[in-house]
Amino acid sequence: MSYSALYRKFRPQTFDEVKGQDHIVTTLKNQIRNHRLGHAYLFCGTRGTGKTTVAKILAKAVNCEHPIDGEPCGECETCKSITEGSSLNVIEIDAASNNGVDNIREIKEQVQYSPATGKYKVYIIDEVHMLSIGAFNALLKTLEEPPKYVIFILATTEVHKIPITILSRCQRYDFHRITSNVIKKQLIDLTNQEKVEAEDKALEYIARMADGSMRDALSLLDQCIAFNLGKKLTYDATLDVLGTVDIQVYSELLDFIMAQDVAKVMDLIEDVASQGREWSQFITDFLWFLRNLLLVGQGTDAEEALEVSTEQMKFLQEKAKLIDEKLLIRDIRILSALLEKLRFATTKRVLVEVELIKLCKPEIEMKNTDLAEKVKSLEEQLNLVMLQLKKKEKTKEEKNTKKLPEQKSGQEEQIRKSIERLPEMIRYCLKRAELKFDEKEKTTTFTFPEECILEKQYVIDHKELIEKSVHAQIIV
C-alpha cells in the first residue's frame, strides 16, 4: 500500500476523536441523539481546525445504520462507503472551482431525487465564500426549504464574505484555533503509534509553529520524521528542518541590542543568514519572544496566556526582570512595522539590519520623537494664546455693551431689551453690529463691520422675525 500523509492517515473518524472542538462536537451529538437535525450548517474557522472532517463525520452519523450514542459505528456499509469517498449520498463540492450559477443549478436538480440508500443526502460545499453573487442567490431558496432528506454543510475560512441572507438560513458553528497543549498531546499519541522516538521539546515546538492548526502540525511532523528517518527526532533537527532559530539566539540578540553592541548584532545576523533562515520567520519568532517577555512581566494572570514549557517560563521570568517594559513595547512596535515591510521587500536582509541598528541606537528614533513633541508643545502654546485673545475680546465687548445704554435714548434701550428675547444666534449676530435708532423715521439701523459678512447675511435672512420683536422697521 502506498504511503499516506499523517494528516490523512490519522483523520478523525468519530466525534470523540476530534480534538479542541468540544463545543461543536457535543452540540452535534445531542442533535443526532434527539433527532433535532438542522437542514443547513455553516462551519467557519481558520485552516486545519477540523471543519471538513466534522462535516464528513456528521454525514456518516446521520446515515449510519447502527449509530452508537450519536456516533457513527464505522462498520456498516454506509459508513465504509462514506469513509472511502464512494457514497452517492455524500456530495463534496469545491466552491473555488465550482462557483458559478450553473453549478448551483445542477445541485438544485439533484436534490429532487431522494437518496438511493440511507436517510439523507448531504452536500458539503467547501470554501463556500468563493461562490459568485449569482450562485449565492441561486442557492437561497434551496437552502431555505430543501427536501426533508437533504442536509447542506457549508465550510469557509472567510465568513465575512458570505451574504447575510445565507448566514440567516444556517446554523453557524465557529471552530476555534486548537491550543498548543492539545496539539502536543495528539503529536505524542501519533508518534507512539508510528513508533517514532521524539524529544518532548521538539514536539512542543512543532505544536507552537502550527499556529492552532492540527493539519499544519501533522504536516510539519511528517516533514521532520522524513528528515530524521530511522533516528530520534531532536529539537535541533526540528529547528534545522523548519528553518527556525532557538530561543537562546533571540535572548542573545536582545542582550546585544540592550548593550547597543552593533558589531555583535551584525555577526549574529551573518550567522542566521549563513544557516539559510527565512527573514520574515526570524523576525516573527523574535516578536513572539519579546511578547512573551512582556506578558511575563505583567504578573501571574498574563503568564497564563503563554503556551511555553516550565523550563522556558523560568528562563523568561529571569530575563523579564532585567528589561524595561517601555523598551520592550518600543522594540515590538518597530519590529511589527519591519514585518509589514518585509512582505514586499526584495532586499530583506538590508531592512533587517537597518531596523536592528535602530533598536541598538534609540537616539536615532528619539530625534524624531523630540521633534513631534516640540510641534505638540507649540500647538498647545498657540491654543493658549488664542484662548487668551478670545477672553480679551469678550471682555472688551462686555464693556462696550455696558456703556452703550447710558448714551442712548429710552426707545433704543427698549429695542436692546427686545433683542435679548431673540434666539441666541440672532443675538450674537446683532451684537456684532452698531445699533442706531432714528427718532424721526422710527427706524433701527444695524451697521456691520466689513469682516462680519456671515453675521450680516444671517440678520437679513431673519429680518422679519427681528422687526416683530423690536416693533420697528430695521435697516441693515
# chains A, B, ... in the order shown; residues from 1 in each chain; ligands from 1
>>> residues_around(residues="A:Gln21", least_positions_apart="6", cutoff="10 Å", atoms="only C-alpha atoms", output="ChimeraX atom specification")
/A:15,49-51,54,174-178
>>> write_last_selection(atoms="N, CA and C atoms", output="PDB file, in the first residue's frame")
ATOM      1  N   PHE A  15     -16.698  11.568  16.327  1.00  0.00           N
ATOM      2  CA  PHE A  15     -16.712  12.861  17.015  1.00  0.00           C
ATOM      3  C   PHE A  15     -15.729  12.880  18.187  1.00  0.00           C
ATOM      4  N   THR A  49      -8.584  23.234  11.365  1.00  0.00           N
ATOM      5  CA  THR A  49      -9.227  23.111  12.679  1.00  0.00           C
ATOM      6  C   THR A  49     -10.317  22.038  12.701  1.00  0.00           C
ATOM      7  N   GLY A  50     -10.582  21.382  11.556  1.00  0.00           N
ATOM      8  CA  GLY A  50     -11.498  20.236  11.547  1.00  0.00           C
ATOM      9  C   GLY A  50     -12.849  20.459  10.906  1.00  0.00           C
ATOM     10  N   LYS A  51     -13.006  21.492  10.090  1.00  0.00           N
ATOM     11  CA  LYS A  51     -14.325  21.798   9.500  1.00  0.00           C
ATOM     12  C   LYS A  51     -14.796  20.680   8.574  1.00  0.00           C
ATOM     13  N   VAL A  54     -15.275  17.235  10.494  1.00  0.00           N
ATOM     14  CA  VAL A  54     -16.525  17.153  11.256  1.00  0.00           C
ATOM     15  C   VAL A  54     -17.725  17.022  10.312  1.00  0.00           C
ATOM     16  N   ASP A 174     -18.543  28.078  14.992  1.00  0.00           N
ATOM     17  CA  ASP A 174     -17.197  28.656  14.858  1.00  0.00           C
ATOM     18  C   ASP A 174     -16.159  27.697  15.439  1.00  0.00           C
ATOM     19  N   PHE A 175     -15.259  27.238  14.592  1.00  0.00           N
ATOM     20  CA  PHE A 175     -14.190  26.341  15.025  1.00  0.00           C
ATOM     21  C   PHE A 175     -13.039  27.164  15.594  1.00  0.00           C
ATOM     22  N   HIS A 176     -12.629  26.846  16.820  1.00  0.00           N
ATOM     23  CA  HIS A 176     -11.563  27.585  17.485  1.00  0.00           C
ATOM     24  C   HIS A 176     -10.192  27.107  17.026  1.00  0.00           C
ATOM     25  N   ARG A 177      -9.195  27.989  17.156  1.00  0.00           N
ATOM     26  CA  ARG A 177      -7.810  27.546  16.988  1.00  0.00           C
ATOM     27  C   ARG A 177      -7.512  26.525  18.090  1.00  0.00           C
ATOM     28  N   ILE A 178      -6.814  25.470  17.739  1.00  0.00           N
ATOM     29  CA  ILE A 178      -6.506  24.418  18.708  1.00  0.00           C
ATOM     30  C   ILE A 178      -5.269  24.839  19.505  1.00  0.00           C
TER      31      ILE A 178
END
>>> select_by_dssp(residues="stretch 21-103 of chain A", states="strand (DSSP E)", output="PDB file with C-alpha atoms, in the first residue's frame")
ATOM      1  CA  ALA A  40     -28.186  23.756   6.823  1.00  0.00           C
ATOM      2  CA  TYR A  41     -24.949  24.161   8.777  1.00  0.00           C
ATOM      3  CA  LEU A  42     -22.165  26.707   8.407  1.00  0.00           C
ATOM      4  CA  PHE A  43     -18.733  25.658   9.686  1.00  0.00           C
ATOM      5  CA  CYS A  44     -16.288  28.554   9.869  1.00  0.00           C
ATOM      6  CA  GLY A  45     -12.785  28.916  11.274  1.00  0.00           C
ATOM      7  CA  VAL A  90     -22.462  12.466   0.321  1.00  0.00           C
ATOM      8  CA  ILE A  91     -21.554  15.004  -2.365  1.00  0.00           C
ATOM      9  CA  GLU A  92     -18.449  17.072  -1.632  1.00  0.00           C
ATOM     10  CA  ILE A  93     -18.131  20.227  -3.758  1.00  0.00           C
ATOM     11  CA  ASP A  94     -15.166  22.574  -4.012  1.00  0.00           C
TER      12      ASP A  94
END
>>> residues_around(residues="A:Ile104", least_positions_apart="6", cutoff="10 Å", atoms="only C-alpha atoms", output="PDB file with C-alpha atoms, in the first residue's frame")
ATOM      1  CA  ALA A  95     -16.683  26.045  -4.382  1.00  0.00           C
ATOM      2  CA  ASN A  98     -17.413  25.245  -8.984  1.00  0.00           C
ATOM      3  CA  GLN A 110     -30.089  16.697  -7.931  1.00  0.00           C
ATOM      4  CA  LEU A 131     -19.197  31.319  -4.793  1.00  0.00           C
ATOM      5  CA  GLY A 134     -25.298  34.954  -8.651  1.00  0.00           C
ATOM      6  CA  ALA A 135     -24.530  31.484  -7.291  1.00  0.00           C
ATOM      7  CA  PHE A 136     -25.375  32.585  -3.739  1.00  0.00           C
ATOM      8  CA  ASN A 137     -28.698  33.992  -4.938  1.00  0.00           C
ATOM      9  CA  ALA A 138     -29.465  30.794  -6.839  1.00  0.00           C
ATOM     10  CA  LEU A 139     -28.775  28.778  -3.682  1.00  0.00           C
ATOM     11  CA  THR A 142     -32.996  25.628  -1.928  1.00  0.00           C
TER      12      THR A 142
END
>>> residues_around(residues="A:Ser81", least_positions_apart="5", cutoff="12 Å", atoms="only C-alpha atoms", output="JSON, numbers by chain")
{"A": [56, 59, 60, 63, 64, 74, 75, 76, 86, 87, 88, 89, 90, 117, 118]}
>>> residues_around(residues="stretch 433-442 of chain A", least_positions_apart="2", cutoff="9 Å", atoms="only C-alpha atoms", output="number ranges by chain")
A: 408-409, 411-412, 415-416, 429-431, 444-449, 452, 455-456, 472-473
>>> write_last_selection(atoms="N, CA and C atoms", output="mmCIF file, in the first residue's frame")
data_model
loop_
_atom_site.group_PDB
_atom_site.id
_atom_site.type_symbol
_atom_site.label_atom_id
_atom_site.label_comp_id
_atom_site.auth_asym_id
_atom_site.auth_seq_id
_atom_site.Cartn_x
_atom_site.Cartn_y
_atom_site.Cartn_z
ATOM 1 N N LYS A 408 -27.686 106.200 24.968
ATOM 2 C CA LYS A 408 -28.798 106.072 24.033
ATOM 3 C C LYS A 408 -30.108 106.514 24.681
ATOM 4 N N SER A 409 -31.088 106.702 23.802
ATOM 5 C CA SER A 409 -32.423 107.145 24.250
ATOM 6 C C SER A 409 -33.166 105.980 24.887
ATOM 7 N N GLN A 411 -36.017 104.792 23.904
ATOM 8 C CA GLN A 411 -36.542 103.919 22.849
ATOM 9 C C GLN A 411 -35.478 102.889 22.421
ATOM 10 N N GLU A 412 -34.244 103.371 22.307
ATOM 11 C CA GLU A 412 -33.143 102.483 21.885
ATOM 12 C C GLU A 412 -32.882 101.414 22.951
ATOM 13 N N ILE A 415 -35.374 98.745 22.597
ATOM 14 C CA ILE A 415 -35.047 97.861 21.456
ATOM 15 C C ILE A 415 -34.007 96.828 21.879
ATOM 16 N N ARG A 416 -33.023 97.283 22.663
ATOM 17 C CA ARG A 416 -31.968 96.360 23.111
ATOM 18 C C ARG A 416 -32.559 95.259 24.008
ATOM 19 N N CYS A 429 -25.309 87.674 16.408
ATOM 20 C CA CYS A 429 -25.035 88.424 15.163
ATOM 21 C C CYS A 429 -25.311 89.927 15.352
ATOM 22 N N LEU A 430 -26.421 90.284 16.041
ATOM 23 C CA LEU A 430 -26.768 91.697 16.235
ATOM 24 C C LEU A 430 -25.749 92.421 17.121
ATOM 25 N N LYS A 431 -25.162 91.698 18.070
ATOM 26 C CA LYS A 431 -24.153 92.307 18.939
ATOM 27 C C LYS A 431 -22.884 92.678 18.188
ATOM 28 N N THR A 444 -34.642 101.438 12.877
ATOM 29 C CA THR A 444 -33.439 100.983 13.588
ATOM 30 C C THR A 444 -32.426 100.495 12.552
ATOM 31 N N THR A 445 -31.228 101.052 12.612
ATOM 32 C CA THR A 445 -30.181 100.694 11.642
ATOM 33 C C THR A 445 -29.092 99.875 12.347
ATOM 34 N N PHE A 446 -28.722 98.764 11.725
ATOM 35 C CA PHE A 446 -27.611 97.930 12.219
ATOM 36 C C PHE A 446 -26.471 98.010 11.213
ATOM 37 N N THR A 447 -25.334 98.537 11.645
ATOM 38 C CA THR A 447 -24.168 98.685 10.763
ATOM 39 C C THR A 447 -23.111 97.647 11.157
ATOM 40 N N PHE A 448 -22.807 96.740 10.208
ATOM 41 C CA PHE A 448 -21.852 95.660 10.475
ATOM 42 C C PHE A 448 -20.460 96.012 9.971
ATOM 43 N N PRO A 449 -19.390 95.608 10.647
ATOM 44 C CA PRO A 449 -18.035 95.765 10.112
ATOM 45 C C PRO A 449 -17.872 94.915 8.847
ATOM 46 N N CYS A 452 -17.721 91.013 9.036
ATOM 47 C CA CYS A 452 -18.895 90.277 9.543
ATOM 48 C C CYS A 452 -19.927 90.033 8.446
ATOM 49 N N GLU A 455 -22.546 87.234 9.530
ATOM 50 C CA GLU A 455 -23.481 87.723 10.541
ATOM 51 C C GLU A 455 -24.527 88.637 9.915
ATOM 52 N N LYS A 456 -24.058 89.481 8.989
ATOM 53 C CA LYS A 456 -24.961 90.416 8.305
ATOM 54 C C LYS A 456 -26.019 89.663 7.512
ATOM 55 N N ALA A 472 -40.331 97.700 15.220
ATOM 56 C CA ALA A 472 -39.830 98.841 14.421
ATOM 57 C C ALA A 472 -39.174 98.292 13.175
ATOM 58 N N GLN A 473 -39.181 99.133 12.121
ATOM 59 C CA GLN A 473 -38.538 98.738 10.873
ATOM 60 C C GLN A 473 -37.020 98.773 11.078
#
>>> residues_around(residues="A:Asp261", least_positions_apart="3", cutoff="12 Å", atoms="only C-alpha atoms", output="list in words")
Glu252, Leu253, Leu254, Asp255, Phe256, Ile257, Met258, Lys264, Val265, Met266, Asp267, Leu268, Leu356, Ile357, Lys358, Leu359, Cys360 and Lys361 of chain A
>>> atom_distance(atom1="atom CA of A:Ile166", atom2="atom CA of A:Leu140")
6.6 Å
>>> atom_distance(atom1="atom CA of A:Arg349", atom2="atom CA of A:Ile283")
11.0 Å
>>> residues_around(residues="A:Gly230", least_positions_apart="5", cutoff="12 Å", atoms="only C-alpha atoms", output="VMD selection string")
chain A and resid 194 to 198 224 to 225
